[in-house]
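Chemist: Can you keep this structure in mind? I'll have questions shortly.
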Amino acid sequence: MNLDDIFDLVSYRIHPEPHIVVDHDTCASCSHRACTFACPARCYEWNEVRGRVDFAYESCLECGTCLLVCDLGALDWNYPAGGYGVRFRAT
Amino acid sequence: MAATEFDAVVVGAGPAGSIAALTLSQKGVKTLLLERGERPGAKNMFGGTLAWCPAPEELIPGFWEKAPWEREVVRRVLTVVAETSATSMVFRSDDVDRPFRGRVTLFRPAFDAWLAAQAQAAGVTVVCGCTVEGLVVCGGRVCGVRVGGSDGVVEAPLVVAGDGALSFLAQEAGLHAGVHAEQMAVGVRALYALEEDEIDGRFGLVRGQGATNEYLGGTEGVRGGGFVYTQTESLSVGLVLHLDSLKTRGFAPYDLLERFVGSVHVAPLLRGAQLVEYSAHLLPEAGLSMVPRLSTSGFLVAGDAGGLCYTNGLTQEGMNLAMTSGHLAGLVGAEALEVGDVSAARLAAYDRRLRESFVLRDLKTYDRAIKLLRRDRLFSDYPEVVGAIMEQLYASDGAPKRRVGSIARGALRDRIPIRETLADLIRIGRSYL
Ligand SMILES: Cc1cc2nc3c(=O)[nH]c(=O)nc-3n(C[C@H](O)[C@H](O)[C@H](O)COP(=O)(O)OP(=O)(O)OC[C@H]3O[C@@H](n4cnc5c(N)ncnc54)[C@H](O)[C@@H]3O)c2cc1C
Ligand code: SF4
Ligand code: SF4
């Protein structure tokens with residue numbers, strides 16, 4: 001699945017504030033960085049230059065995978081405010 | 001919202017929540033149904049098929065005629081995928097006797113919106129675009145919910161959590177300590193548009209009939225499986241992947257899905273079809289071991305929120321369990337409200353009713369199968385063994401033919417110690433026989 005086109009394939013109403021916040025200090029000691037491959041929307045990417053995960057909440061599918069694969073508790077994970085976020089097509 | 005305007009607040013307009021709300025309202029309970037999506041179903045995705053169960057028909061006479069489902073499943077194919085071969089079992093039912101007791105494919109956004117509208121028509125107040133952020137507790141008893149945005153609070157003597165697989169509410173109520181990667185799978189799905197006649201032709205169907213193709217193996221050793229389901233004018237193509245296995249194997253769901261979509265098993269079915277959507281959602285997959293107590297003072301949990309969802313390797317069950325548990329939650333909740341006793345002791349009747357119903361009985365029946373499906377080998381070595389046996393059975397290379405047993409021993413010997421094979425065979429026998 002080519003996720004470069006995710007915004008053509010999925011409809012969102014994007015909230016100005018992220019609903020998930022990453023604690024980068026905690027990530028510094030993470031051995032697997034599972035969020036970077038397990039997230040089905042590829043929201044997490046390891047940034048070699050900055051030495052941290054970059055997180056883009058806009059394309060999040062709100063599945064919860066990152067919350068469960070992160071065993072260091074680095075994520076302050078919430079659903080987006082009511083009516084925001086992903087909206088799957090009705091037909 | 002004014003305080004104590006409602007007798008019951010139901011969280012989540014999925015099948016569990018909408019059925020619970022509908023049941024409560026039909027019993028005369030003033031009910032509020034809160035959904036975080038901009039419309040019911042906007043956040044919901046499944047494979048998938050809905051299996052017949054009595055609850056919806058009891059609440060909505062003519063349910064199976066009226067509900068917006070897509071196709072009635074008559075053809076089911078289970079395929080074991082090996083590296084260079086695939087072995088399938090095809091089941092086709094031409095038993096057209098009525099009343100209907102089968103499975104239908106459907107679209108969650110359309111179906112869930114319709115179901116919530118039935119609840120609304122029965123008097124439920126449905127509010128969408130409202131994320132519940134937590135519970136309100138008074139004197140050790142759940143007595144309402146906190147809603148998003150301002151510091152809104154909705155109080156009610158009864159709260160029903162139908163908030164899906166992650167259920168933060170069941171956790172906050174102390175019924176479980178949070179769900180884990182070992183208990184959950186992630187489903188990823190690509191939706192393809194294709195003309196109705198094309199689907200009928202490719203799957204050997206006539207108008208209105210549906211097919212399901214399920215695949216075991218072919219996920220690079222990640223525990224899980226693939227599916228292709230027929231809707232009226234579209235195909236759902238996806239994978240269900242155990243999170244702990246995905247994590248240790250280090251694969252990305254979209255890469256595995258891309259391979260699946262491009263495989264010889266799936267690609268021909270999709271020729272000329274147009275990719276129209278991509279989605280992902282969690283499913284509880286740990287069976288009884290993850291089902292907590294589902295009631296406490298002022299609080300009931302239904303559907304995925306209670307871990308009531310499983311696959312036994314042959315069928316995936318979730319929506320039917322959600323609707324049935326939602327129904328029982330509504331019944332027990334209404335009775336408790338009527339006598340003015342929503343104590344934990346009183347609401348424990350819900351857990352009892354669930355144990356008597358097919359919901360917890362089926363989970364118990366297939367408990368061993370659910371555990372069996374957590375064995376890595378089932379998704380890596382065994383599909384290869386099946387492939388190797390079939391290759392040799394059908395081979396014609398000039399060498400004298402061997403019996404199946406001898407071929408099987410040969411195919412197994414290279415991969416799995418005999419002792420472990422025997423142990424696995426016993427496990428498989430115990431799971432299904
Ligand atoms: C890929 C895949 C394939 C599946 N295949 C099948 C199948 O073939 N057959 C089958 O029967 N089942 C299948 N299932 C399982 C089935 O989808 C679930 O069991 C079913 O949806 C559970 O219903 P529910 O009402 O409990 O939860 P959900 O359908 O998840 O509904 C929960 C609702 O609560 C809302 N919500 C959550 N939190 C909040 C909050 N804090 N505030 C307000 N609203 C909230 C959500 O937006 C949602 O509308 C599949 C699932 C997946 C992911
Ligand atoms: S979010 Fe969790 S899994 Fe991802 S890098 Fe940070 S600690 Fe690791
Ligand atoms: S919730 Fe799912 S889609 Fe969103 S960031 Fe986490 S893993 Fe990715």
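Labeling convention for the structure tokens: chains A, B, ... as they appear, residues from 1 per chain, ligands from 1 in order of appearance.
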Show me, as an MDAnalysis selection string, the residues that have an atom within 8 Å of Ile6 (chain A) when counting only C-alpha atoms, minus same-chain residues fewer than 5 positions from it.

Modeler: (chainID A and resid 41 59) or (chainID B and resid 278)

Chemist: Residues within 9 Å of region 62-72 of chain A, please, as a PyMOL selection string. Count only C-alpha atoms; anything in the same chain fewer than 5 positions from it doesn't count.

Modeler: (chain A and resi 26-27+29-30+33-36+38-40+77-80+85-86) or (chain B and resi 43+166+179-182+184-187+243-244+247+279-282)

Chemist: Please, what distance in Å, to one decimal, runs between atom 4 (C, counted along the ligand's line) of ligand 1 and CA of Leu283 (chain B)?

Modeler: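 Value for the atom 4 (C, counted along the ligand's line) of ligand 1-CA of Leu283 (chain B) distance: 7.2 Å.
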
Chemist: Could you list, as an MDAnalysis selection string, all residues that come within 6 Å of ligand 1? Count only C-alpha atoms and all ligand atoms.

Modeler: chainID B and resid 11:17 34:37 40:41 43:50 130:133 162:165 187:188 240 281:283 303:305 309 316:320 322

Chemist: Go ahead and save the residues from that selection, with C-alpha atoms, as a compact mmCIF listing (two decimals), in the first residue's frame.

Modeler:
```
# COMPACT_ATOMS: atom_id res chain seq x y z
CA VAL B 11 -20.87 5.48 25.09
CA GLY B 12 -20.14 4.56 21.47
CA ALA B 13 -22.59 4.17 18.59
CA GLY B 14 -21.13 0.89 17.32
CA PRO B 15 -23.24 -2.26 17.24
CA ALA B 16 -22.86 -2.82 21.01
CA GLY B 17 -23.76 0.74 22.02
CA LEU B 34 -22.69 9.52 22.71
CA GLU B 35 -20.44 8.96 19.69
CA ARG B 36 -17.09 10.61 19.01
CA GLY B 37 -17.36 10.35 15.22
CA PRO B 40 -22.15 6.89 13.73
CA GLY B 41 -19.82 4.56 11.84
CA LYS B 43 -14.66 5.65 12.89
CA ASN B 44 -15.61 2.05 12.30
CA MET B 45 -14.22 -0.54 9.94
CA PHE B 46 -14.32 -4.32 9.80
CA GLY B 47 -13.68 -7.08 7.20
CA GLY B 48 -16.30 -8.42 7.41
CA THR B 49 -19.43 -10.44 7.78
CA LEU B 50 -22.24 -10.21 10.29
CA CYS B 130 -18.75 14.01 21.30
CA THR B 131 -15.71 12.25 22.75
CA VAL B 132 -16.21 10.90 26.26
CA GLU B 133 -13.05 11.61 28.21
CA GLY B 162 -19.60 0.30 24.13
CA ASP B 163 -16.43 2.23 23.37
CA GLY B 164 -14.68 -0.48 21.39
CA ALA B 165 -11.45 -2.47 21.58
CA GLY B 187 -6.68 -5.09 10.92
CA VAL B 188 -5.67 -3.14 7.82
CA VAL B 240 -5.36 -9.12 10.50
CA HIS B 281 -8.67 -0.85 13.36
CA LEU B 282 -7.83 -3.01 16.37
CA LEU B 283 -9.53 -6.30 17.24
CA GLY B 303 -18.87 -5.61 22.79
CA ASP B 304 -15.19 -5.19 21.93
CA ALA B 305 -14.81 -3.03 25.05
CA CYS B 309 -14.44 -10.73 19.80
CA GLN B 316 -14.34 -14.14 12.81
CA GLU B 317 -16.99 -13.18 15.34
CA GLY B 318 -17.42 -9.75 16.85
CA MET B 319 -20.42 -7.80 15.63
CA ASN B 320 -22.84 -10.54 16.63
CA ALA B 322 -21.36 -6.93 20.36
```

Chemist: DSSP on the backbone, strand (DSSP E or B) only: what residues of chain A does that give? Format it as a count of residues only.

Modeler: 20

Chemist: Considering only C-alpha atoms and all ligand atoms, state which residue in the set B:Pro253, B:Gly208, B:Ala302, B:Val80 is at the smallest distance from ligand 3.

Modeler: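 Of all the options, B:Pro253 lies closest to ligand 3.
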